[in-house]
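Novice: Supplied structure: my_file.cif, mmCIF, C-alpha atoms.
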```cif
data_data
#
loop_
_atom_site.label_atom_id
_atom_site.label_comp_id
_atom_site.auth_asym_id
_atom_site.auth_seq_id
_atom_site.Cartn_x
_atom_site.Cartn_y
_atom_site.Cartn_z
CA MET A 236 -19.07 -0.79 -5.68
CA PHE A 237 -20.30 -4.39 -5.47
CA PRO A 238 -24.01 -4.48 -4.57
CA THR A 239 -23.98 -8.27 -4.05
CA ARG A 240 -21.14 -8.07 -1.56
CA SER A 241 -22.84 -5.17 0.20
CA PHE A 242 -26.02 -7.24 0.44
CA ASP A 243 -24.02 -10.17 1.85
CA ARG A 244 -22.53 -7.83 4.45
CA ARG A 245 -25.97 -6.66 5.52
CA MET A 246 -27.12 -10.27 5.83
CA LEU A 247 -24.12 -11.11 8.01
CA GLU A 248 -24.78 -8.08 10.20
CA ALA A 249 -28.42 -9.07 10.58
CA ARG A 250 -27.33 -12.53 11.65
CA ALA A 251 -24.93 -10.96 14.16
CA ASP A 252 -27.92 -9.05 15.59
CA GLU A 253 -29.82 -12.32 16.01
CA LEU A 254 -26.90 -14.11 17.68
CA GLY A 255 -25.80 -11.18 19.84
CA VAL A 256 -22.12 -11.57 18.91
CA TRP A 257 -21.15 -8.00 18.02
CA GLU A 258 -18.57 -7.85 20.80
CA ARG A 259 -16.64 -10.62 18.98
CA LEU A 260 -17.33 -9.63 15.38
CA ASP A 261 -16.52 -6.94 12.86
CA VAL A 262 -17.49 -6.72 9.20
CA TYR A 263 -15.74 -4.33 6.85
CA PRO A 264 -14.21 -4.34 3.33
CA GLY A 265 -10.87 -6.11 3.09
CA ALA A 266 -9.26 -9.51 2.68
CA ASP A 267 -5.58 -9.93 1.85
CA GLU A 268 -4.44 -7.40 4.45
CA VAL A 269 -6.14 -9.16 7.38
CA PRO A 270 -2.95 -10.98 8.53
CA CYS A 271 -1.31 -7.56 8.91
CA ALA A 272 -4.12 -6.37 11.19
CA LEU A 273 -3.97 -9.56 13.24
CA LEU A 274 -0.20 -9.28 13.65
CA ALA A 275 -0.54 -5.65 14.71
CA ARG A 276 -3.05 -6.65 17.38
CA ALA A 277 -1.02 -9.64 18.55
CA LEU A 278 2.36 -7.89 18.75
CA ARG A 279 1.05 -4.62 20.15
CA PRO A 280 -2.28 -5.40 21.82
CA GLU A 281 -2.79 -2.00 23.44
CA THR A 282 -5.05 0.56 21.75
CA VAL A 283 -3.01 3.13 19.83
CA PRO A 284 -4.11 6.70 18.89
CA VAL A 285 -3.57 7.69 15.25
CA TRP A 286 -3.72 11.06 13.50
CA VAL A 287 -4.98 10.80 9.92
CA ARG A 288 -3.85 13.26 7.25
CA TYR A 289 -5.69 13.31 3.94
CA SER A 290 -4.36 14.77 0.70
CA GLY A 291 -7.48 16.97 0.50
CA VAL A 292 -9.65 18.57 3.14
CA GLY A 293 -12.58 16.50 1.90
CA GLY A 294 -10.55 13.32 1.46
CA ALA A 295 -12.64 11.36 3.95
CA GLY A 296 -15.60 11.63 1.58
CA ALA A 297 -13.81 10.26 -1.50
CA GLU A 298 -15.49 7.26 -3.16
CA MET A 299 -13.65 3.97 -3.56
CA LEU A 300 -14.03 1.55 -6.48
CA TYR A 301 -14.03 -1.75 -4.59
CA GLU A 302 -15.50 -0.79 -1.22
CA ASP A 303 -19.02 -0.02 -0.06
CA ARG A 304 -18.12 3.13 1.87
CA PRO A 305 -16.17 6.39 1.50
CA ALA A 306 -12.49 6.68 2.38
CA GLY A 307 -12.99 8.09 5.87
CA GLU A 308 -15.25 5.25 6.99
CA LEU A 309 -12.88 2.74 5.44
CA VAL A 310 -9.98 4.28 7.37
CA ARG A 311 -11.94 4.09 10.63
CA ALA A 312 -12.78 0.43 10.01
CA HIS A 313 -9.16 -0.55 9.39
CA LEU A 314 -7.91 1.44 12.36
CA ARG A 315 -10.39 -0.35 14.59
CA ALA A 316 -9.47 -3.76 13.18
CA ALA A 317 -5.81 -3.20 14.06
CA GLY A 318 -6.59 -1.87 17.52
CA CYS A 319 -6.25 1.86 16.82
CA VAL A 320 -8.42 4.92 17.48
CA LEU A 321 -8.46 8.43 16.07
CA ALA A 322 -6.22 10.82 18.02
CA ASP A 323 -7.23 14.34 19.05
CA GLY A 324 -4.18 15.78 17.28
CA PRO A 325 -0.78 14.87 15.84
CA ALA A 326 0.97 15.50 19.15
CA ASP A 327 -1.25 12.88 20.82
CA ALA A 328 -0.74 10.24 18.12
CA ALA A 329 1.48 7.18 18.19
CA PHE A 330 1.85 7.56 14.44
CA ILE A 331 0.56 9.56 11.49
CA LEU A 332 -1.46 7.79 8.81
CA ALA A 333 -0.98 9.88 5.67
CA VAL A 334 -3.72 8.93 3.20
CA ASN A 335 -3.55 10.02 -0.42
CA THR A 336 -7.18 9.99 -1.55
CA PRO A 337 -8.63 10.81 -4.97
CA GLY A 338 -10.22 14.21 -5.40
CA THR A 339 -13.71 12.71 -5.51
CA ARG A 340 -13.53 9.09 -6.73
CA GLN A 341 -11.05 6.35 -7.63
CA VAL A 342 -10.55 5.34 -11.26
CA HIS A 343 -8.21 2.80 -12.83
CA ARG A 344 -6.15 4.74 -15.35
CA GLN A 345 -3.83 7.56 -14.46
CA PRO A 346 -3.48 10.42 -14.76
CA ASP A 347 -7.14 11.22 -14.35
CA PHE A 348 -8.09 14.89 -14.06
CA GLY A 349 -11.84 14.36 -13.80
CA THR A 350 -12.18 12.56 -10.47
CA VAL A 351 -8.69 11.91 -9.00
CA ASP A 352 -6.25 14.75 -9.62
CA THR A 353 -8.75 17.56 -9.08
CA PRO A 354 -8.83 20.82 -7.07
CA HIS A 355 -10.40 18.81 -4.24
CA ARG A 356 -6.90 17.97 -3.02
CA HIS A 357 -3.40 19.51 -3.08
CA LEU A 358 -0.55 17.00 -3.26
CA PRO A 359 2.32 19.49 -2.67
CA ALA A 360 0.74 20.53 0.64
CA PHE A 361 0.16 16.87 1.54
CA VAL A 362 3.84 16.07 0.96
CA ASP A 363 4.85 19.18 2.92
CA ALA A 364 2.84 17.89 5.88
CA VAL A 365 4.52 14.48 5.67
CA ARG A 366 7.92 16.19 5.58
CA ALA A 367 7.04 18.27 8.64
CA ASP A 368 5.89 15.18 10.53
CA LEU A 369 9.13 13.36 9.74
CA ARG A 370 11.21 16.35 10.83
CA ALA A 371 9.23 16.43 14.07
CA GLY A 372 10.17 12.81 14.70
CA ARG A 373 6.68 11.42 14.21
CA PRO A 374 6.35 7.95 12.67
CA VAL A 375 4.53 8.29 9.34
CA SER A 376 2.90 5.50 7.35
CA VAL A 377 1.68 6.44 3.87
CA ALA A 378 -1.42 4.84 2.33
CA ASP A 379 -1.81 5.77 -1.33
CA ILE A 380 -5.39 4.97 -2.37
CA ALA A 381 -5.84 7.54 -5.15
CA TYR A 382 -5.82 4.74 -7.72
CA PRO A 383 -6.23 0.98 -7.16
CA ASN A 384 -3.48 -1.48 -8.05
CA GLY A 385 -0.45 0.76 -7.71
CA ALA A 386 0.94 4.07 -6.52
CA GLU A 387 0.10 7.43 -8.04
CA ALA A 388 2.93 8.61 -10.31
CA ARG A 389 2.53 12.29 -9.40
CA LEU A 390 2.67 11.59 -5.66
CA TRP A 391 5.78 9.45 -6.16
CA THR A 392 7.46 12.29 -8.04
CA LEU A 393 6.69 14.76 -5.27
CA MET A 394 7.88 12.34 -2.59
CA GLN A 395 11.39 12.17 -4.05
CA GLY A 396 12.35 15.11 -1.86
CA LEU A 397 11.43 13.19 1.29
CA PRO A 398 13.75 10.89 3.26
CA LEU A 399 11.72 7.84 2.26
CA ALA A 400 13.86 5.44 4.29
CA GLU A 401 12.57 7.22 7.42
CA LEU A 402 8.93 6.33 6.73
CA ALA A 403 7.35 3.88 9.14
CA GLY A 404 5.51 2.34 6.22
CA PHE A 405 4.20 2.71 2.69
CA SER A 406 1.45 0.87 0.85
CA ALA A 407 -0.35 1.28 -2.47
CA TRP A 408 -1.40 -2.19 -3.59
CA ASN A 409 -4.60 -3.70 -4.93
CA THR A 410 -7.76 -2.35 -3.25
CA ALA A 411 -7.99 0.60 -0.90
CA GLY A 412 -8.72 -1.82 1.93
CA ASN A 413 -5.59 -3.86 1.19
CA THR A 414 -3.50 -0.70 1.16
CA LEU A 415 -4.97 0.79 4.33
CA GLY A 416 -4.74 -2.40 6.37
CA SER A 417 -1.07 -2.78 5.50
CA ALA A 418 -0.23 0.87 6.15
CA VAL A 419 -1.99 0.85 9.52
CA ALA A 420 -0.08 -2.25 10.61
CA PHE A 421 3.21 -0.64 9.52
CA GLY A 422 2.41 2.39 11.66
CA LYS A 423 1.21 0.57 14.75
CA LEU A 424 4.27 -1.69 14.84
CA ALA A 425 6.78 1.10 14.13
CA ALA A 426 7.56 1.56 17.83
CA LEU A 427 8.62 -2.10 18.10
CA VAL A 428 11.17 -2.05 15.27
CA THR A 429 14.69 -2.96 16.39
CA ASP A 430 15.99 -4.54 13.18
CA ARG A 431 16.86 -1.61 10.90
CA ALA A 432 17.82 -3.87 8.02
CA GLY A 433 14.61 -5.87 8.31
CA HIS A 434 12.47 -2.74 8.33
CA ALA A 435 14.35 -1.21 5.41
CA GLY A 436 13.93 -4.39 3.39
CA THR A 437 10.21 -4.58 4.10
CA LEU A 438 9.67 -0.90 3.30
CA LEU A 439 11.71 -1.18 0.11
CA SER A 440 9.75 -4.25 -0.98
CA ARG A 441 6.53 -2.24 -0.85
CA LEU A 442 8.07 0.59 -2.87
CA VAL A 443 9.39 -1.92 -5.39
CA ASP A 444 6.10 -3.74 -5.85
CA ASP A 445 3.54 -0.95 -5.41
CA VAL A 446 5.40 1.91 -7.10
CA LEU A 447 7.99 0.49 -9.48
CA TYR A 448 6.20 -2.61 -10.71
CA GLN A 449 2.46 -2.03 -10.32
CA GLY A 450 2.63 1.69 -10.99
CA GLU A 451 5.13 1.67 -13.86
CA VAL A 452 6.80 -1.50 -15.14
CA ARG A 453 3.72 -3.71 -15.44
CA SER A 454 2.19 -1.53 -18.16
CA LEU A 455 5.55 -1.11 -19.89
CA LEU A 456 6.10 -4.86 -19.96
CA ARG A 457 2.63 -5.52 -21.30
CA ALA A 458 3.17 -2.98 -24.07
CA GLU A 459 6.49 -4.58 -25.04
CA LEU A 460 4.77 -7.98 -25.23
CA GLY A 461 2.12 -6.62 -27.59
CA GLN A 462 -0.71 -6.11 -25.08
CA PRO A 463 -1.43 -9.76 -24.21
CA SER A 464 -4.18 -10.66 -21.78
CA PRO A 465 -2.94 -9.63 -18.32
CA PHE A 466 -4.61 -12.74 -16.91
CA ASP A 467 -2.91 -15.36 -19.09
CA LEU A 468 0.41 -14.75 -20.83
CA GLY A 469 0.53 -18.23 -22.32
CA PRO A 470 3.77 -18.81 -24.26
CA GLN A 471 4.90 -15.24 -23.60
CA LEU A 472 5.63 -16.02 -19.95
CA HIS A 473 9.27 -16.88 -20.70
CA ALA A 474 9.81 -13.64 -22.62
CA ALA A 475 8.22 -11.70 -19.77
CA ASN A 476 10.49 -13.32 -17.20
CA ARG A 477 13.57 -12.61 -19.33
CA ARG A 478 12.65 -8.94 -19.67
CA LEU A 479 11.37 -8.28 -16.14
CA PRO A 480 14.78 -8.12 -14.36
CA GLN A 481 16.09 -5.76 -17.05
CA LEU A 482 13.23 -3.36 -16.36
CA MET A 483 13.11 -3.74 -12.59
CA ASN A 484 16.67 -4.01 -11.29
CA PRO A 485 17.95 -0.60 -12.47
CA ARG A 486 14.86 1.07 -11.04
CA VAL A 487 15.21 -0.71 -7.71
CA GLN A 488 18.89 0.18 -7.53
CA ALA A 489 18.12 3.84 -8.26
CA VAL A 490 15.60 4.02 -5.40
CA TRP A 491 18.07 2.33 -3.09
CA GLU A 492 20.89 4.71 -3.98
CA ARG A 493 18.73 7.79 -3.59
CA HIS A 494 16.86 6.93 -0.41
CA PHE A 495 18.56 4.07 1.47
CA ALA A 496 22.29 4.15 0.69
CA GLY A 497 24.64 5.68 3.26
CA ARG A 498 22.70 4.30 6.23
CA GLY A 499 25.00 1.39 7.03
CA LEU A 500 22.95 -1.05 4.98
CA SER A 501 23.57 -3.06 1.82
CA LEU A 502 21.17 -4.44 -0.78
CA GLU A 503 21.37 -7.72 -2.65
CA LEU A 504 18.87 -8.26 -5.46
CA GLY A 505 17.68 -11.59 -6.74
CA GLU A 506 16.08 -12.43 -10.08
CA ALA A 507 12.72 -10.75 -10.56
CA ARG A 508 10.04 -13.00 -12.03
CA LEU A 509 6.29 -13.44 -12.35
CA ALA A 510 4.64 -15.67 -9.79
CA TRP A 511 2.23 -17.15 -12.35
CA PRO A 512 1.55 -16.74 -16.09
CA ARG A 513 -0.09 -13.37 -15.53
CA LEU A 514 1.23 -9.84 -15.14
CA PHE A 515 -0.56 -8.91 -11.93
CA THR A 516 1.75 -10.63 -9.46
CA GLY A 517 5.52 -10.20 -9.51
CA VAL A 518 8.14 -11.68 -7.21
CA PHE A 519 11.11 -9.45 -6.39
CA PRO A 520 13.66 -11.22 -4.17
CA MET A 521 15.93 -8.96 -2.18
CA SER A 522 17.97 -9.03 1.00
CA VAL A 523 18.97 -5.99 3.04
CA ARG A 524 21.87 -6.40 5.45
CA SER A 525 23.56 -4.18 7.99
CA ALA A 526 27.18 -3.10 7.59
CA SER A 527 28.11 -5.50 10.40
CA GLY A 528 27.00 -8.38 8.20
CA ASP A 529 23.84 -9.19 10.12
CA GLY A 530 21.22 -9.85 7.50
CA ALA A 531 17.50 -9.60 7.39
CA PRO A 532 15.62 -12.62 6.08
CA PRO A 533 14.43 -12.35 2.49
CA SER A 534 11.91 -9.54 2.20
CA PRO A 535 8.17 -10.10 1.59
CA GLY A 536 8.99 -9.46 -2.07
CA ASP A 537 10.09 -13.10 -2.18
CA ARG A 538 6.55 -14.30 -1.57
CA PRO A 539 3.81 -13.89 -4.15
CA LYS A 540 0.51 -12.33 -3.22
CA GLY A 541 -2.74 -13.90 -4.30
#
```
Would you mind giving the structure from this file in C-alpha cells?

Specialist:
Amino acid sequence: MFPTRSFDRRMLEARADELGVWERLDVYPGADEVPCALLARALRPETVPVWVRYSGVGGAGAEMLYEDRPAGELVRAHLRAAGCVLADGPADAAFILAVNTPGTRQVHRQPDFGTVDTPHRHLPAFVDAVRADLRAGRPVSVADIAYPNGAEARLWTLMQGLPLAELAGFSAWNTAGNTLGSAVAFGKLAALVTDRAGHAGTLLSRLVDDVLYQGEVRSLLRAELGQPSPFDLGPQLHAANRRLPQLMNPRVQAVWERHFAGRGLSLELGEARLAWPRLFTGVFPMSVRSASGDGAPPSPGDRPKG
C-alpha cells in the first residue's frame, strides 16, 4: 500500500465533491493500462456484462501490494472504467474474467506458501472452471494477479492442459491494476476480433512477456550475469542482449508449437533484446501470419513498456 497516494486520491475526490464533476470523473488505482480501457470504450461503447471467476471463494478480499483496495474492489473499478458491469451469471455474460488472486495477500517472491499459495484458493478447480467455460464457447480473459511483475509458475503449469490459443486474453504484468485493465480490455473486445493472426500474435506476446520473460527468464538472466542491479546493467547490457535470445526463443517456440501450431498460422521471431540497460523491460519482436500469407503487424512485443 502507498499511504501518500491514497491521501492524494482522497484529496482529488474531495475536490471532485466541491466541483460537482463526478459524472465525468473516476479515480482508481492504475496507470499504464489506461489506453486499453479507453480503446475498449471507444471500439465497443456499449455496456457489457462480465462474470468474474476467482481462484478462491474469498478471492475478492485478497490484499494487493500496490493498490489501496482489495482485489474485488479493484476488479469492479477496472470493469467500470472499460464500460463493463457485473453479470448475474456466466450465461448472461459477454465474457468471463478469470482472476487468479493470492490466498490472502500478494508478495513478490514465488512460491510463497504463507500468503499466496494457501488453502484459501484451489488452482486446479480454477483451471477446471476456465476449461469448462472454453468448452461452452464463452470468451475467457485471464488476469493473473497472485504475484506482481509476472505470472504464477504453478498456474502456468496447470494451464498447459488448456487450449491457450482459444483464450480471449491473458495478462500478468506489473501491478494488479495493470494486469486487470489489460485483461478486461481483451475480454470486452473479443467479440470484435476478425483478424485471427493479429489476435494470436497479441495473445502470444502477453504470454511471452508476462510468463516466459517476467515469470522465468528475467531471474535466470540476472543470475547468469552475477546478480547485477536490475535497474542499471551498465557494461553488462551487451552480454545480456547476447544471451537473451538464447534463453527466450526456444521457450517461445515451445509455447507456439504446443498451443498455436496447427491453426493455419505461422510465427516469425525477431531478435529479443532489452529496451534499456535494465532487466525489467524486454522487447520481443514477433509476427504471426495466416496460412494465406496475410500477416498481422508486429505484435505489441515490439514496443517497450515504461

Novice: Tell me, counting only C-alpha atoms, for each residue of range 252-353 of chain A within 8 Å of range 406-419 of chain A, which pair of atoms is nearest and how far apart they are in Å to one decimal, in rows ordered by chain and increasing number, as JSON lines.

Specialist:
```
{"residue": "A:Pro264", "atom": "CA", "partner": "A:Gly412", "partner_atom": "CA", "distance": 6.2}
{"residue": "A:Gly265", "atom": "CA", "partner": "A:Gly412", "partner_atom": "CA", "distance": 4.9}
{"residue": "A:Ala266", "atom": "CA", "partner": "A:Asn413", "partner_atom": "CA", "distance": 6.9}
{"residue": "A:Asp267", "atom": "CA", "partner": "A:Asn413", "partner_atom": "CA", "distance": 6.1}
{"residue": "A:Glu268", "atom": "CA", "partner": "A:Asn413", "partner_atom": "CA", "distance": 4.9}
{"residue": "A:Val269", "atom": "CA", "partner": "A:Gly416", "partner_atom": "CA", "distance": 7.0}
{"residue": "A:Cys271", "atom": "CA", "partner": "A:Ser417", "partner_atom": "CA", "distance": 5.9}
{"residue": "A:Ala272", "atom": "CA", "partner": "A:Gly416", "partner_atom": "CA", "distance": 6.3}
{"residue": "A:Met299", "atom": "CA", "partner": "A:Ala411", "partner_atom": "CA", "distance": 7.1}
{"residue": "A:Tyr301", "atom": "CA", "partner": "A:Thr410", "partner_atom": "CA", "distance": 6.4}
{"residue": "A:Glu302", "atom": "CA", "partner": "A:Gly412", "partner_atom": "CA", "distance": 7.5}
{"residue": "A:Leu309", "atom": "CA", "partner": "A:Gly412", "partner_atom": "CA", "distance": 7.1}
{"residue": "A:Val310", "atom": "CA", "partner": "A:Leu415", "partner_atom": "CA", "distance": 6.8}
{"residue": "A:His313", "atom": "CA", "partner": "A:Gly416", "partner_atom": "CA", "distance": 5.7}
{"residue": "A:Leu314", "atom": "CA", "partner": "A:Val419", "partner_atom": "CA", "distance": 6.6}
{"residue": "A:Ala317", "atom": "CA", "partner": "A:Val419", "partner_atom": "CA", "distance": 7.2}
{"residue": "A:Leu332", "atom": "CA", "partner": "A:Val419", "partner_atom": "CA", "distance": 7.0}
```

Novice: Atoms to include: C-alpha atoms. Write the selected residues as a PDB file, in the coordinates of the input.

Specialist:
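Result file follows (out_23.pdb):
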```
ATOM      1  CA  PRO A 264     -14.210  -4.340   3.330  1.00  0.00           C
ATOM      2  CA  GLY A 265     -10.870  -6.110   3.090  1.00  0.00           C
ATOM      3  CA  ALA A 266      -9.260  -9.510   2.680  1.00  0.00           C
ATOM      4  CA  ASP A 267      -5.580  -9.930   1.850  1.00  0.00           C
ATOM      5  CA  GLU A 268      -4.440  -7.400   4.450  1.00  0.00           C
ATOM      6  CA  VAL A 269      -6.140  -9.160   7.380  1.00  0.00           C
ATOM      7  CA  CYS A 271      -1.310  -7.560   8.910  1.00  0.00           C
ATOM      8  CA  ALA A 272      -4.120  -6.370  11.190  1.00  0.00           C
ATOM      9  CA  MET A 299     -13.650   3.970  -3.560  1.00  0.00           C
ATOM     10  CA  TYR A 301     -14.030  -1.750  -4.590  1.00  0.00           C
ATOM     11  CA  GLU A 302     -15.500  -0.790  -1.220  1.00  0.00           C
ATOM     12  CA  LEU A 309     -12.880   2.740   5.440  1.00  0.00           C
ATOM     13  CA  VAL A 310      -9.980   4.280   7.370  1.00  0.00           C
ATOM     14  CA  HIS A 313      -9.160  -0.550   9.390  1.00  0.00           C
ATOM     15  CA  LEU A 314      -7.910   1.440  12.360  1.00  0.00           C
ATOM     16  CA  ALA A 317      -5.810  -3.200  14.060  1.00  0.00           C
ATOM     17  CA  LEU A 332      -1.460   7.790   8.810  1.00  0.00           C
TER      18      LEU A 332
END
```

Novice: Which is closer to Val292 in chain A than all the others in A:Val334, A:Ala367, A:Leu455, A:Met521, using all atoms listed in the file?

Specialist: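 Residue with the minimum atom-to-atom distance to Val292 in chain A: A:Val334.
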
Novice: Can you spell out as a PDB file with C-alpha atoms, keeping the file's coordinate frame the set of residues that the PyMOL selection byres ((chain A and resi 449) around 8) selects in the structure I just provided?

Specialist:
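Output below, filename out_12.pdb:
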```
ATOM      1  CA  ASN A 384      -3.480  -1.480  -8.050  1.00  0.00           C
ATOM      2  CA  GLY A 385      -0.450   0.760  -7.710  1.00  0.00           C
ATOM      3  CA  ALA A 386       0.940   4.070  -6.520  1.00  0.00           C
ATOM      4  CA  TRP A 408      -1.400  -2.190  -3.590  1.00  0.00           C
ATOM      5  CA  ASP A 444       6.100  -3.740  -5.850  1.00  0.00           C
ATOM      6  CA  ASP A 445       3.540  -0.950  -5.410  1.00  0.00           C
ATOM      7  CA  VAL A 446       5.400   1.910  -7.100  1.00  0.00           C
ATOM      8  CA  LEU A 447       7.990   0.490  -9.480  1.00  0.00           C
ATOM      9  CA  TYR A 448       6.200  -2.610 -10.710  1.00  0.00           C
ATOM     10  CA  GLY A 450       2.630   1.690 -10.990  1.00  0.00           C
ATOM     11  CA  GLU A 451       5.130   1.670 -13.860  1.00  0.00           C
ATOM     12  CA  VAL A 452       6.800  -1.500 -15.140  1.00  0.00           C
ATOM     13  CA  ARG A 453       3.720  -3.710 -15.440  1.00  0.00           C
ATOM     14  CA  SER A 454       2.190  -1.530 -18.160  1.00  0.00           C
ATOM     15  CA  PHE A 515      -0.560  -8.910 -11.930  1.00  0.00           C
TER      16      PHE A 515
END
```

Novice: For the structure provided, state which residues fall under the PyMOL selection byres ((chain A and resi 291) around 9), and present them as number ranges by chain.

Specialist: A: 288-290, 292-295, 335-338, 354-358, 360-361

Novice: Which residues are close to Ser501 in chain A, i.e. within 12 Å by only C-alpha atoms, leaving aside same-chain residues fewer than 4 positions away? Reply as JSON, numbers by chain.

Specialist: {"A": [431, 432, 433, 435, 436, 488, 491, 492, 495, 496, 497, 521, 522, 523, 524, 525, 526, 527, 528, 529, 530, 531]}

Novice: CA of Asp243 in chain A and CA of Glu258 in chain A are how many Å apart?

Specialist: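 Calculated distance between CA of Asp243 in chain A and CA of Glu258 in chain A is 19.9 Å.
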
Novice: Where does the PyMOL selection byres ((chain A and resi 331) around 12) land in this file, that is, which residues does it pick, as JSON, numbers by chain?

Specialist: {"A": [283, 284, 285, 286, 287, 288, 289, 314, 319, 320, 321, 322, 323, 324, 325, 326, 327, 328, 329, 330, 332, 333, 334, 364, 365, 366, 367, 368, 369, 371, 372, 373, 374, 375, 376, 377, 378, 402, 403, 404, 405, 418, 419, 420, 421, 422, 423, 425]}

Novice: Report, in Å to a single decimal, how far apart CA of Met394 in chain A and CA of Arg370 in chain A are.

Specialist: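 Here the two named atoms are 14.4 Å from each other.
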
Novice: Give me the residues within 7 Å of Leu514 in chain A as JSON, numbers by chain, counting only C-alpha atoms and dropping any in the same chain fewer than 5 places off.

Specialist: {"A": [453, 465, 466, 509]}

Novice: Quick one: distance from CA of Arg340 in chain A to CA of Ile380 in chain A in Å, one decimal?

Specialist: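 Straight-line distance from CA of Arg340 in chain A to CA of Ile380 in chain A works out to 10.1 Å.
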
Novice: Around range 456-460 of chain A, fit a box with edges along x, y and z, padding it by 3 Å on each side, then list its centre and edge lengths in Å to one decimal as lines of an AutoDock Vina configuration file.

Specialist:
```
center_x = 4.6
center_y = -5.5
center_z = -22.6
size_x = 9.9
size_y = 11.0
size_z = 11.3
```

Novice: Looking at all atoms listed in the file, which of A:Val490, A:Thr353, A:Gly461, A:Leu247 is the one that sits closest to Pro398 in chain A?

Specialist: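 Distance minimum relative to Pro398 in chain A lands on A:Val490.
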